[in-house]
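Okay, protein.txt now, which holds compact mmCIF, C-alpha atoms and all ligand atoms:
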```
# COMPACT_ATOMS: atom_id res chain seq x y z
CA MET A 1 -46.68 -201.00 47.18
CA ALA A 2 -49.40 -198.35 47.61
CA LEU A 3 -48.28 -195.26 49.55
CA SER A 4 -51.02 -195.89 52.09
CA ASP A 5 -49.37 -199.25 52.88
CA LYS A 6 -46.15 -197.44 53.75
CA ILE A 7 -47.69 -195.47 56.63
CA SER A 8 -46.39 -196.67 60.01
CA ARG A 9 -48.61 -199.12 61.88
CA GLN A 10 -48.94 -196.75 64.84
CA VAL A 11 -50.14 -193.87 62.69
CA GLY A 12 -52.37 -196.18 60.68
CA SER A 13 -54.00 -197.37 63.90
CA ILE A 14 -55.18 -193.98 65.15
CA PRO A 15 -58.32 -192.30 63.82
CA ARG A 16 -58.56 -188.68 62.68
CA SER A 17 -59.96 -186.37 65.35
CA GLY A 18 -63.76 -186.59 65.46
CA ILE A 19 -63.81 -182.80 65.92
CA ARG A 20 -61.93 -182.22 62.66
CA ASP A 21 -64.14 -184.64 60.76
CA PHE A 22 -67.27 -182.93 61.97
CA PHE A 23 -65.96 -179.44 61.31
CA GLU A 24 -65.08 -180.22 57.75
CA LEU A 25 -68.84 -180.18 57.21
CA VAL A 26 -68.88 -176.56 58.41
CA VAL A 27 -65.98 -175.23 56.31
CA GLY A 28 -67.09 -172.44 53.96
CA ARG A 29 -70.51 -172.02 55.61
CA ASP A 30 -70.76 -168.45 56.95
CA ASP A 31 -74.33 -169.01 58.13
CA VAL A 32 -73.33 -171.51 60.83
CA ILE A 33 -73.22 -170.60 64.55
CA SER A 34 -70.44 -172.68 65.99
CA LEU A 35 -70.28 -173.91 69.57
CA GLY A 36 -67.68 -176.32 68.30
CA VAL A 37 -64.16 -175.07 68.60
CA GLY A 38 -62.64 -175.13 72.08
CA GLU A 39 -61.03 -171.74 72.22
CA PRO A 40 -61.75 -168.32 73.72
CA ASP A 41 -63.69 -165.87 71.56
CA PHE A 42 -61.45 -163.10 72.92
CA SER A 43 -58.26 -161.97 71.19
CA SER A 44 -55.20 -162.13 73.42
CA PRO A 45 -55.23 -159.10 75.76
CA TRP A 46 -53.67 -156.05 74.11
CA HIS A 47 -50.78 -155.65 76.59
CA ILE A 48 -49.71 -159.23 75.74
CA ARG A 49 -49.90 -158.61 71.99
CA GLU A 50 -47.99 -155.36 72.49
CA ALA A 51 -45.19 -157.17 74.32
CA ALA A 52 -44.92 -159.57 71.36
CA ILE A 53 -44.89 -156.71 68.84
CA TYR A 54 -42.27 -154.76 70.79
CA SER A 55 -40.09 -157.85 71.07
CA LEU A 56 -40.19 -158.22 67.28
CA GLU A 57 -39.45 -154.52 66.85
CA LYS A 58 -36.34 -154.99 68.97
CA GLY A 59 -35.27 -157.80 66.65
CA GLU A 60 -35.62 -160.60 69.22
CA THR A 61 -35.96 -163.28 66.58
CA SER A 62 -33.42 -165.93 67.59
CA TYR A 63 -33.61 -169.41 69.13
CA THR A 64 -33.74 -169.49 72.92
CA SER A 65 -32.35 -172.03 75.37
CA ASN A 66 -33.93 -175.46 74.76
CA LEU A 67 -35.68 -175.19 78.12
CA GLY A 68 -37.04 -171.73 77.27
CA LEU A 69 -36.06 -168.19 78.33
CA GLU A 70 -34.82 -168.24 81.90
CA LYS A 71 -36.90 -165.16 82.76
CA LEU A 72 -40.01 -167.01 81.61
CA ARG A 73 -39.10 -170.14 83.60
CA ARG A 74 -38.64 -167.97 86.71
CA GLY A 75 -42.05 -166.41 86.05
CA ILE A 76 -43.63 -169.84 85.59
CA SER A 77 -42.04 -171.08 88.82
CA ALA A 78 -43.49 -168.15 90.81
CA TYR A 79 -46.91 -168.46 89.10
CA VAL A 80 -47.19 -172.22 89.68
CA ASP A 81 -46.13 -171.78 93.30
CA GLU A 82 -48.76 -169.10 93.86
CA HIS A 83 -51.49 -170.81 91.84
CA PHE A 84 -51.03 -174.47 92.86
CA GLY A 85 -48.80 -174.29 95.94
CA VAL A 86 -45.98 -176.36 94.42
CA ARG A 87 -42.47 -175.01 93.91
CA TYR A 88 -40.39 -176.02 90.86
CA GLU A 89 -36.75 -175.13 90.19
CA PRO A 90 -36.57 -172.95 87.01
CA LYS A 91 -33.18 -174.32 85.93
CA THR A 92 -33.96 -178.04 86.09
CA GLU A 93 -37.68 -178.68 86.52
CA ILE A 94 -39.47 -176.45 83.99
CA LEU A 95 -39.60 -176.97 80.23
CA VAL A 96 -41.27 -174.43 77.93
CA THR A 97 -43.08 -176.18 75.06
CA VAL A 98 -45.19 -175.54 71.98
CA GLY A 99 -48.49 -175.69 73.86
CA VAL A 100 -49.61 -178.33 76.31
CA SER A 101 -49.97 -180.45 73.18
CA GLU A 102 -46.21 -180.77 72.77
CA ALA A 103 -45.63 -181.27 76.51
CA LEU A 104 -48.12 -184.13 76.53
CA ASP A 105 -46.46 -185.80 73.54
CA LEU A 106 -42.99 -185.39 75.09
CA ALA A 107 -44.11 -186.85 78.42
CA CYS A 108 -45.67 -189.86 76.70
CA ARG A 109 -42.59 -190.52 74.61
CA ALA A 110 -40.22 -189.93 77.53
CA LEU A 111 -41.97 -192.31 79.92
CA ILE A 112 -43.80 -195.01 78.01
CA ASP A 113 -42.18 -198.24 76.85
CA PRO A 114 -44.03 -200.49 74.39
CA GLY A 115 -46.92 -202.16 76.17
CA ASP A 116 -46.98 -199.85 79.20
CA GLU A 117 -50.52 -199.00 80.19
CA VAL A 118 -51.76 -195.45 80.64
CA ILE A 119 -55.00 -194.98 82.54
CA TYR A 120 -57.11 -191.88 81.84
CA HIS A 121 -60.66 -190.75 82.50
CA GLU A 122 -63.10 -190.59 79.62
CA PRO A 123 -64.80 -188.62 78.02
CA CYS A 124 -61.54 -186.75 77.57
CA TYR A 125 -59.57 -184.42 75.35
CA VAL A 126 -59.19 -185.95 71.88
CA SER A 127 -55.35 -186.15 72.03
CA TYR A 128 -54.94 -188.38 75.05
CA ASN A 129 -55.66 -191.76 73.49
CA PRO A 130 -53.63 -191.16 70.28
CA SER A 131 -50.69 -189.62 72.18
CA VAL A 132 -50.40 -192.82 74.19
CA THR A 133 -50.74 -195.03 71.10
CA LEU A 134 -48.13 -193.03 69.18
CA ALA A 135 -45.72 -193.64 72.09
CA TYR A 136 -46.42 -197.40 71.77
CA GLY A 137 -48.36 -197.41 75.03
CA VAL A 138 -51.72 -198.99 75.72
CA PRO A 139 -54.55 -196.51 76.45
CA VAL A 140 -56.80 -197.67 79.30
CA PRO A 141 -59.92 -195.48 79.58
CA VAL A 142 -61.93 -195.34 82.80
CA VAL A 143 -65.39 -193.82 82.58
CA ALA A 144 -66.10 -190.58 84.48
CA SER A 145 -69.85 -190.72 84.37
CA SER A 146 -72.53 -188.03 84.38
CA ASP A 147 -73.95 -189.71 87.53
CA ASP A 148 -70.77 -188.58 89.33
CA ALA A 149 -70.84 -185.10 87.72
CA PHE A 150 -67.98 -186.36 85.50
CA ALA A 151 -65.54 -186.79 88.39
CA VAL A 152 -63.54 -190.03 88.26
CA ARG A 153 -63.83 -192.42 91.18
CA ALA A 154 -60.73 -193.87 92.82
CA GLU A 155 -62.47 -197.30 92.80
CA SER A 156 -62.80 -197.17 89.00
CA ILE A 157 -59.10 -196.34 88.65
CA GLU A 158 -58.15 -199.09 91.09
CA LYS A 159 -60.04 -201.68 89.02
CA ALA A 160 -58.08 -200.63 85.90
CA ILE A 161 -54.62 -200.99 87.52
CA THR A 162 -52.53 -203.97 86.34
CA PRO A 163 -48.82 -204.82 86.68
CA ARG A 164 -48.29 -202.93 83.34
CA SER A 165 -49.89 -199.69 84.56
CA LYS A 166 -47.34 -196.89 84.49
CA VAL A 167 -49.13 -193.56 84.15
CA LEU A 168 -52.43 -192.03 85.23
CA MET A 169 -53.56 -189.00 83.21
CA LEU A 170 -55.86 -186.44 84.81
CA ASN A 171 -57.50 -183.30 83.45
CA PHE A 172 -59.65 -181.25 85.80
CA PRO A 173 -61.57 -179.14 84.97
CA THR A 174 -62.15 -181.54 82.10
CA ASN A 175 -62.52 -180.97 78.38
CA PRO A 176 -65.27 -181.83 77.26
CA THR A 177 -67.43 -182.16 80.41
CA GLY A 178 -66.28 -179.35 82.73
CA GLY A 179 -65.97 -182.02 85.45
CA THR A 180 -63.94 -181.16 88.56
CA MET A 181 -62.59 -183.04 91.60
CA THR A 182 -62.56 -182.14 95.28
CA ARG A 183 -59.41 -182.32 97.37
CA ALA A 184 -60.74 -185.43 99.17
CA GLU A 185 -61.44 -187.21 95.86
CA LEU A 186 -57.93 -186.39 94.63
CA GLU A 187 -56.42 -187.57 97.93
CA ALA A 188 -57.96 -191.02 97.40
CA ILE A 189 -56.44 -191.14 93.92
CA ALA A 190 -53.06 -189.91 95.18
CA GLU A 191 -53.00 -192.74 97.71
CA LEU A 192 -53.61 -195.26 94.91
CA CYS A 193 -50.83 -193.76 92.79
CA ILE A 194 -48.34 -193.99 95.63
CA ALA A 195 -49.39 -197.54 96.56
CA ASN A 196 -49.07 -198.67 92.92
CA ASP A 197 -46.03 -196.56 92.01
CA LEU A 198 -47.84 -194.73 89.20
CA ILE A 199 -46.58 -191.57 87.52
CA VAL A 200 -49.30 -188.92 87.15
CA PHE A 201 -49.74 -186.51 84.26
CA THR A 202 -51.99 -183.64 85.31
CA ASP A 203 -53.24 -181.30 82.59
CA GLU A 204 -54.11 -178.04 84.35
CA ILE A 205 -54.94 -176.04 81.23
CA TYR A 206 -58.38 -174.95 82.52
CA SER A 207 -57.36 -174.45 86.16
CA GLU A 208 -57.95 -170.65 86.15
CA LEU A 209 -61.39 -171.08 84.60
CA VAL A 210 -63.40 -172.13 87.64
CA TYR A 211 -66.55 -170.28 88.54
CA ASP A 212 -68.02 -171.05 91.93
CA ASP A 213 -67.05 -169.76 95.36
CA ASP A 214 -67.75 -173.18 96.89
CA TYR A 215 -65.11 -174.81 94.67
CA GLU A 216 -61.37 -174.47 95.17
CA HIS A 217 -59.24 -175.97 92.41
CA VAL A 218 -56.56 -178.33 93.71
CA SER A 219 -53.80 -179.90 91.64
CA ILE A 220 -52.86 -183.46 92.53
CA ALA A 221 -49.22 -182.31 92.25
CA ALA A 222 -49.71 -180.34 95.48
CA LEU A 223 -50.81 -183.33 97.57
CA PRO A 224 -48.30 -185.01 99.91
CA GLY A 225 -46.03 -187.49 98.15
CA MET A 226 -47.18 -186.47 94.65
CA ARG A 227 -44.74 -183.80 93.47
CA GLU A 228 -42.04 -186.43 93.01
CA ARG A 229 -44.22 -188.61 90.74
CA THR A 230 -46.15 -185.96 88.79
CA VAL A 231 -45.71 -184.12 85.51
CA LEU A 232 -47.82 -180.95 85.64
CA PHE A 233 -48.84 -179.47 82.26
CA HIS A 234 -50.07 -175.95 81.89
CA GLY A 235 -50.15 -173.26 79.24
CA PHE A 236 -51.40 -169.95 78.00
CA SER A 237 -54.02 -170.98 75.42
CA LYS A 238 -57.21 -170.92 77.47
CA ALA A 239 -57.00 -168.59 80.49
CA PHE A 240 -54.94 -165.95 78.67
CA ALA A 241 -56.71 -166.45 75.30
CA MET A 242 -53.38 -167.16 73.58
CA THR A 243 -54.13 -170.30 71.52
CA GLY A 244 -52.30 -168.95 68.45
CA PHE A 245 -49.13 -168.21 70.41
CA ARG A 246 -48.78 -171.99 70.93
CA LEU A 247 -47.13 -171.83 74.31
CA GLY A 248 -47.21 -174.23 77.24
CA TYR A 249 -44.91 -175.82 79.79
CA SER A 250 -44.28 -178.84 81.96
CA CYS A 251 -43.14 -178.92 85.58
CA ALA A 252 -41.62 -182.16 86.82
CA PRO A 253 -38.66 -183.55 88.80
CA PRO A 254 -35.25 -183.06 87.08
CA GLU A 255 -34.98 -186.65 85.77
CA LEU A 256 -38.32 -186.41 83.95
CA THR A 257 -37.74 -182.86 82.71
CA GLU A 258 -34.32 -183.87 81.35
CA ALA A 259 -35.84 -186.87 79.51
CA MET A 260 -38.55 -184.69 77.95
CA MET A 261 -36.02 -181.98 77.10
CA LYS A 262 -33.90 -184.54 75.17
CA ILE A 263 -36.80 -185.19 72.78
CA HIS A 264 -37.77 -181.50 72.63
CA GLN A 265 -34.21 -180.38 71.73
CA TYR A 266 -34.09 -182.72 68.74
CA SER A 267 -37.68 -182.37 67.56
CA MET A 268 -38.61 -178.74 68.35
CA LEU A 269 -35.39 -177.10 69.55
CA CYS A 270 -37.29 -174.43 71.47
CA ALA A 271 -40.66 -172.69 71.62
CA PRO A 272 -40.94 -169.47 69.55
CA MET A 273 -39.19 -166.53 71.20
CA THR A 274 -41.98 -164.04 70.43
CA SER A 275 -44.49 -166.25 72.22
CA GLN A 276 -42.17 -166.68 75.19
CA VAL A 277 -41.83 -162.89 75.56
CA ALA A 278 -45.62 -162.54 75.34
CA ALA A 279 -45.97 -165.21 78.03
CA ILE A 280 -43.64 -163.32 80.39
CA GLU A 281 -45.99 -160.34 80.08
CA ALA A 282 -49.08 -162.56 80.55
CA LEU A 283 -47.72 -163.94 83.83
CA ALA A 284 -46.56 -160.56 85.10
CA ASN A 285 -49.63 -158.47 84.28
CA GLY A 286 -52.38 -160.73 82.89
CA ALA A 287 -54.40 -161.47 86.04
CA PRO A 288 -56.98 -158.67 85.58
CA SER A 289 -57.67 -159.76 81.98
CA VAL A 290 -58.08 -163.38 83.10
CA ALA A 291 -60.53 -162.28 85.82
CA LYS A 292 -62.60 -160.30 83.29
CA MET A 293 -62.76 -163.19 80.82
CA ARG A 294 -63.64 -165.63 83.61
CA ALA A 295 -66.58 -163.43 84.72
CA SER A 296 -67.82 -163.30 81.15
CA TYR A 297 -67.61 -167.12 80.73
CA LYS A 298 -69.48 -167.59 84.01
CA ALA A 299 -72.45 -165.50 82.79
CA ARG A 300 -72.54 -167.51 79.55
CA ARG A 301 -72.24 -170.83 81.42
CA ASP A 302 -75.16 -169.96 83.64
CA LEU A 303 -77.32 -169.03 80.63
CA ILE A 304 -76.55 -172.05 78.45
CA VAL A 305 -76.90 -174.61 81.24
CA ARG A 306 -80.18 -173.12 82.46
CA GLU A 307 -81.60 -173.13 78.94
CA PHE A 308 -80.51 -176.69 78.11
CA ASN A 309 -82.19 -177.98 81.26
CA ALA A 310 -85.31 -175.91 80.55
CA MET A 311 -85.67 -177.44 77.07
CA GLY A 312 -85.36 -180.98 78.44
CA LEU A 313 -81.69 -181.65 77.67
CA PRO A 314 -80.26 -182.58 81.10
CA CYS A 315 -77.03 -180.68 81.65
CA HIS A 316 -74.94 -180.63 84.81
CA LEU A 317 -73.54 -177.26 85.89
CA PRO A 318 -69.84 -177.51 85.05
CA LYS A 319 -67.71 -175.85 87.71
CA GLY A 320 -64.89 -175.17 85.26
CA ALA A 321 -63.52 -174.97 81.66
CA PHE A 322 -65.87 -173.49 79.03
CA TYR A 323 -67.91 -176.43 77.83
CA ALA A 324 -71.49 -177.52 78.49
CA PHE A 325 -72.13 -181.24 77.95
CA PRO A 326 -75.89 -181.73 77.65
CA GLU A 327 -77.36 -185.21 77.39
CA ILE A 328 -79.36 -185.69 74.19
CA ARG A 329 -80.45 -189.33 74.68
CA GLY A 330 -84.09 -188.31 75.25
CA SER A 331 -84.23 -187.19 71.61
CA GLY A 332 -83.85 -190.82 70.51
CA LEU A 333 -80.93 -189.81 68.28
CA SER A 334 -77.26 -190.72 68.48
CA SER A 335 -74.81 -187.90 69.22
CA LYS A 336 -73.68 -187.86 65.61
CA ASP A 337 -77.23 -187.84 64.18
CA PHE A 338 -78.27 -185.11 66.60
CA ALA A 339 -75.25 -182.95 65.72
CA THR A 340 -75.71 -183.53 61.99
CA GLY A 341 -79.45 -182.79 62.15
CA LEU A 342 -78.84 -179.64 64.19
CA LEU A 343 -76.27 -178.46 61.69
CA GLU A 344 -78.34 -179.25 58.62
CA GLY A 345 -81.67 -178.07 60.03
CA GLN A 346 -80.66 -175.10 62.19
CA SER A 347 -77.11 -174.20 61.08
CA VAL A 348 -75.82 -174.72 64.63
CA ALA A 349 -72.62 -176.71 65.13
CA ALA A 350 -71.76 -178.63 68.30
CA VAL A 351 -69.43 -181.63 68.68
CA PRO A 352 -70.87 -185.15 69.04
CA GLY A 353 -69.90 -186.46 72.49
CA ASP A 354 -68.40 -189.68 71.11
CA ALA A 355 -65.57 -187.60 69.59
CA PHE A 356 -64.21 -187.68 73.17
CA GLY A 357 -64.41 -191.45 73.54
CA PRO A 358 -67.24 -193.99 73.38
CA SER A 359 -68.52 -192.97 76.83
CA GLY A 360 -69.35 -189.52 75.39
CA GLU A 361 -72.10 -191.10 73.28
CA GLY A 362 -75.49 -189.60 74.20
CA PHE A 363 -74.01 -186.14 74.79
CA LEU A 364 -72.92 -183.05 72.81
CA ARG A 365 -70.04 -180.71 73.62
CA CYS A 366 -71.03 -177.06 73.35
CA CYS A 367 -68.29 -174.49 73.85
CA TYR A 368 -69.76 -171.40 75.49
CA ALA A 369 -66.68 -169.24 74.86
CA THR A 370 -68.87 -167.80 72.10
CA ASP A 371 -70.57 -164.40 71.79
CA ILE A 372 -73.61 -164.36 74.11
CA ASP A 373 -76.01 -163.23 71.36
CA LEU A 374 -74.85 -166.10 69.18
CA ILE A 375 -75.33 -168.50 72.11
CA LYS A 376 -78.92 -167.22 72.42
CA LYS A 377 -79.51 -167.77 68.69
CA ALA A 378 -77.94 -171.23 68.90
CA LEU A 379 -80.24 -172.12 71.80
CA GLY A 380 -83.19 -171.05 69.63
CA GLY A 381 -81.87 -173.49 67.02
CA PHE A 382 -81.76 -176.31 69.59
CA ARG A 383 -85.36 -175.58 70.60
CA ALA A 384 -86.56 -175.55 67.01
CA PHE A 385 -84.67 -178.77 66.24
CA LEU A 386 -86.17 -180.54 69.26
CA SER A 387 -89.69 -179.50 68.31
CA ASP A 388 -89.07 -180.69 64.70
CA ILE A 389 -88.01 -184.11 65.99
CA LYS A 390 -91.08 -184.39 68.19
CA GLY A 391 -93.06 -183.55 65.05
N1 LIG B 401 -55.33 -180.12 77.01
C1 LIG B 401 -56.66 -179.96 76.98
C2 LIG B 401 -57.50 -180.62 78.02
C3 LIG B 401 -57.25 -179.19 75.97
O1 LIG B 401 -58.58 -179.02 75.96
C4 LIG B 401 -56.44 -178.61 74.97
C5 LIG B 401 -57.04 -177.83 73.86
O2 LIG B 401 -58.22 -177.82 73.63
C6 LIG B 401 -55.06 -178.80 75.05
C7 LIG B 401 -54.54 -179.56 76.08
C8 LIG B 401 -54.13 -178.21 74.03
O3 LIG B 401 -53.59 -177.04 74.54
P1 LIG B 401 -52.48 -176.18 73.83
O4 LIG B 401 -53.17 -175.13 73.01
O5 LIG B 401 -51.71 -175.59 74.98
O6 LIG B 401 -51.65 -177.10 73.01
```

Using structure tokens, write down the structure from this file.
Ligand code: PLP
Amino acid sequence: MALSDKISRQVGSIPRSGIRDFFELVVGRDDVISLGVGEPDFSSPWHIREAAIYSLEKGETSYTSNLGLEKLRRGISAYVDEHFGVRYEPKTEILVTVGVSEALDLACRALIDPGDEVIYHEPCYVSYNPSVTLAYGVPVPVVASSDDAFAVRAESIEKAITPRSKVLMLNFPTNPTGGTMTRAELEAIAELCIANDLIVFTDEIYSELVYDDDYEHVSIAALPGMRERTVLFHGFSKAFAMTGFRLGYSCAPPELTEAMMKIHQYSMLCAPMTSQVAAIEALANGAPSVAKMRASYKARRDLIVREFNAMGLPCHLPKGAFYAFPEIRGSGLSSKDFATGLLEGQSVAAVPGDAFGPSGEGFLRCCYATDIDLIKKALGGFRAFLSDIKG
């Protein structure tokens, strides 16, 4: 039997990430300006790196508790309380993980039985659909359309609910659209979840990166009746520019945390100690660095969105995250053809919108956590590409 026939059916059934596929075209090309990768262009703030270095100097190189260092869990509890207005018990309700990525996988495996349906809004982060499939669940996408500024309507979710629905996954601000939800919109969804006994996964990884005074970020976990049915995911990758530290966490009632911890203790054991020590420092003293980075992203957001609209690529002003999601349908090209043409003709890389689900077709994801001069050059490349197409 060929080795490829020995791969499990679940793994065989999921595609490779559309982002990876596209970026293989870029590997080894130093001339390319990339708006592709979804990570901060800043290094982790120095005081955070210093805490990690000092911890290594002291020889803190062991395993930690499966749940994570207690000092970190206490810090997370205080931070989440202050940031979202929900209180979690550090000893039983917080699990430190290897990024939000691991927390998401653990939650799927801890809660989903074969055939259980998981509803999520699309376009969405590339991991959601495969994480559900790998846990033998059934992914049920609901479109969050550009007409609604990429918010998801309670009516759309309601239509997708069946007797097999078990989990609703939310991510606001959203990767790849920057979409956000108001408190009132979330309240309507919370009501549905309570009425239909749904568990909610809320991925709050971009919650610090919101830019407008008229928008207050609310987590669904903080709404009445939701804490007891919600798993809140958060981490250090985006706001604290700590992607390489690979550190995240989940907050959830003790029964759910215990179930996730059982998988984590056998598969991961614990998150790296150095990263946990760095995270303690990030929570204690990182707020000024986060504020500085946020101000810098806001200036870049304003520039890129203004320019896309000016060149005839309609682009809504995302209130959060660090992605612009311009519509490229007017060019007459598919997302993939547009992205490939832009790369080949202008050496500018952006991700085809359909990498985030079929409803992303007609759009491109452009990460503006990129040096502002490079963003300006990339925008020049877009303009030149559009005028080439028009001939
Ligand atoms: N969730 C969303 C919505 C993301 O965009 C990403 C990374 O791009 C992740 C989770 C992964 O985060 P982490 O680095 O904490 O694993």

For a quick check of your reading of the model, name the residues lying within 8 Å of the coordinate (-83.4, -172.3, 76.2), counting only C-alpha atoms, and write them as an MDAnalysis selection string. chainID A and resid 304 306:311 376 379:380 382:383

Go ahead and save the picked residues with C-alpha atoms, as a CSV table (one decimal), in the coordinates of the input.
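The resulting again.csv:
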```csv
chain,number,residue,atom,x,y,z
A,304,ILE,CA,-76.6,-172.0,78.4
A,306,ARG,CA,-80.2,-173.1,82.5
A,307,GLU,CA,-81.6,-173.1,78.9
A,308,PHE,CA,-80.5,-176.7,78.1
A,309,ASN,CA,-82.2,-178.0,81.3
A,310,ALA,CA,-85.3,-175.9,80.6
A,311,MET,CA,-85.7,-177.4,77.1
A,376,LYS,CA,-78.9,-167.2,72.4
A,379,LEU,CA,-80.2,-172.1,71.8
A,380,GLY,CA,-83.2,-171.0,69.6
A,382,PHE,CA,-81.8,-176.3,69.6
A,383,ARG,CA,-85.4,-175.6,70.6
```

Contacts to ligand LIG 401 (chain B) at 10 Å cut-off (only C-alpha atoms and all ligand atoms) as a ChimeraX atom specification: /A:37-39,97-104,124-128,170-176,202-206,233-238,241-249,321-323

Would you mind telling me which residue in A:Asp212, A:Glu361, A:Asp31, A:Asp21 lies nearest to Gln346 (chain A) when using only C-alpha atoms? A:Asp31

Determine, counting only C-alpha atoms, every residue of protein, DNA or RNA that lies within 12 Å of (-51.5, -196.3, 93.6) in the file coordinates, then give the result as a PDB file with C-alpha atoms, in the frame of the given file.
```
ATOM      1  CA  ILE A 119     -55.000-194.980  82.540  1.00  0.00           C
ATOM      2  CA  ALA A 154     -60.730-193.870  92.820  1.00  0.00           C
ATOM      3  CA  GLU A 155     -62.470-197.300  92.800  1.00  0.00           C
ATOM      4  CA  ILE A 157     -59.100-196.340  88.650  1.00  0.00           C
ATOM      5  CA  GLU A 158     -58.150-199.090  91.090  1.00  0.00           C
ATOM      6  CA  LYS A 159     -60.040-201.680  89.020  1.00  0.00           C
ATOM      7  CA  ALA A 160     -58.080-200.630  85.900  1.00  0.00           C
ATOM      8  CA  ILE A 161     -54.620-200.990  87.520  1.00  0.00           C
ATOM      9  CA  THR A 162     -52.530-203.970  86.340  1.00  0.00           C
ATOM     10  CA  PRO A 163     -48.820-204.820  86.680  1.00  0.00           C
ATOM     11  CA  SER A 165     -49.890-199.690  84.560  1.00  0.00           C
ATOM     12  CA  LYS A 166     -47.340-196.890  84.490  1.00  0.00           C
ATOM     13  CA  VAL A 167     -49.130-193.560  84.150  1.00  0.00           C
ATOM     14  CA  LEU A 168     -52.430-192.030  85.230  1.00  0.00           C
ATOM     15  CA  LEU A 186     -57.930-186.390  94.630  1.00  0.00           C
ATOM     16  CA  GLU A 187     -56.420-187.570  97.930  1.00  0.00           C
ATOM     17  CA  ALA A 188     -57.960-191.020  97.400  1.00  0.00           C
ATOM     18  CA  ILE A 189     -56.440-191.140  93.920  1.00  0.00           C
ATOM     19  CA  ALA A 190     -53.060-189.910  95.180  1.00  0.00           C
ATOM     20  CA  GLU A 191     -53.000-192.740  97.710  1.00  0.00           C
ATOM     21  CA  LEU A 192     -53.610-195.260  94.910  1.00  0.00           C
ATOM     22  CA  CYS A 193     -50.830-193.760  92.790  1.00  0.00           C
ATOM     23  CA  ILE A 194     -48.340-193.990  95.630  1.00  0.00           C
ATOM     24  CA  ALA A 195     -49.390-197.540  96.560  1.00  0.00           C
ATOM     25  CA  ASN A 196     -49.070-198.670  92.920  1.00  0.00           C
ATOM     26  CA  ASP A 197     -46.030-196.560  92.010  1.00  0.00           C
ATOM     27  CA  LEU A 198     -47.840-194.730  89.200  1.00  0.00           C
ATOM     28  CA  ILE A 199     -46.580-191.570  87.520  1.00  0.00           C
ATOM     29  CA  VAL A 200     -49.300-188.920  87.150  1.00  0.00           C
ATOM     30  CA  GLY A 225     -46.030-187.490  98.150  1.00  0.00           C
ATOM     31  CA  MET A 226     -47.180-186.470  94.650  1.00  0.00           C
ATOM     32  CA  ARG A 229     -44.220-188.610  90.740  1.00  0.00           C
TER      33      ARG A 229
END
```

Atomic separation - CA of Val118 (chain A) relative to CA of Ala151 (chain A), Å: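 Going from CA of Ala151 (chain A) over to CA of Val118 (chain A), I get 18.0 Å.
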
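Our summary of the geometry notes that CA of Phe201 (chain A) is positioned 9.7 Å from CA of Ser250 (chain A).
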
Take CA of Ser359 (chain A) and CA of Ala299 (chain A) and report the distance between them in Å, one decimal.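 Computing the Euclidean distance for CA of Ser359 (chain A) and CA of Ala299 (chain A) yields 28.4 Å.
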
Please list as an NGL selection string every residue within 9 Å of Phe23 (chain A), counting all atoms listed in the file and excluding residues in the same chain fewer than 5 positions away. :A and (18 or 36-37 or 349 or 351)

Nearest-residue call for Ala221 (chain A), choices A:Met261, A:Leu209, A:Val86, A:Cys315, using all atoms listed in the file: A:Val86

Residue contacts of Gly286 (chain A) (10 Å, all atoms listed in the file) excluding same-chain residues fewer than 4 positions away, as a list in words: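 After dropping sequence-adjacent residues, the list is Ser44, Pro45, His47, Ile48, Ala239, Phe240, Ala279, Ile280, Glu281, Ala282, Val290 and Ala291 of chain A.
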
Limited to C-alpha atoms, could you put the picked residues into a file as a compact mmCIF listing (two decimals), in the frame of the given file?
```txt
# COMPACT_ATOMS: atom_id res chain seq x y z
CA SER A 44 -55.20 -162.13 73.42
CA PRO A 45 -55.23 -159.10 75.76
CA HIS A 47 -50.78 -155.65 76.59
CA ILE A 48 -49.71 -159.23 75.74
CA ALA A 239 -57.00 -168.59 80.49
CA PHE A 240 -54.94 -165.95 78.67
CA ALA A 279 -45.97 -165.21 78.03
CA ILE A 280 -43.64 -163.32 80.39
CA GLU A 281 -45.99 -160.34 80.08
CA ALA A 282 -49.08 -162.56 80.55
CA VAL A 290 -58.08 -163.38 83.10
CA ALA A 291 -60.53 -162.28 85.82
```

Which residue gives the smallest distance to Cys367 (chain A) among A:Pro90, A:Pro352, A:Gly12, A:Gly115, with all atoms listed in the file counted?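 For Cys367 (chain A), the nearest of the given residues is A:Pro352.
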
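Minimum atom-to-atom distances from A:Ala2, A:Leu35, A:Ile7, A:Met293 to Ala378 (chain A) were compared using only C-alpha atoms, and the lowest value belongs to A:Leu35.
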
Spatial neighbours of Val132 (chain A), max dist 8 Å, all atoms listed in the file, sep filter under 6 positions, as a list in words: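 The filter keeps Cys108, Ile112, Val118, Val138 and Pro139 of chain A.
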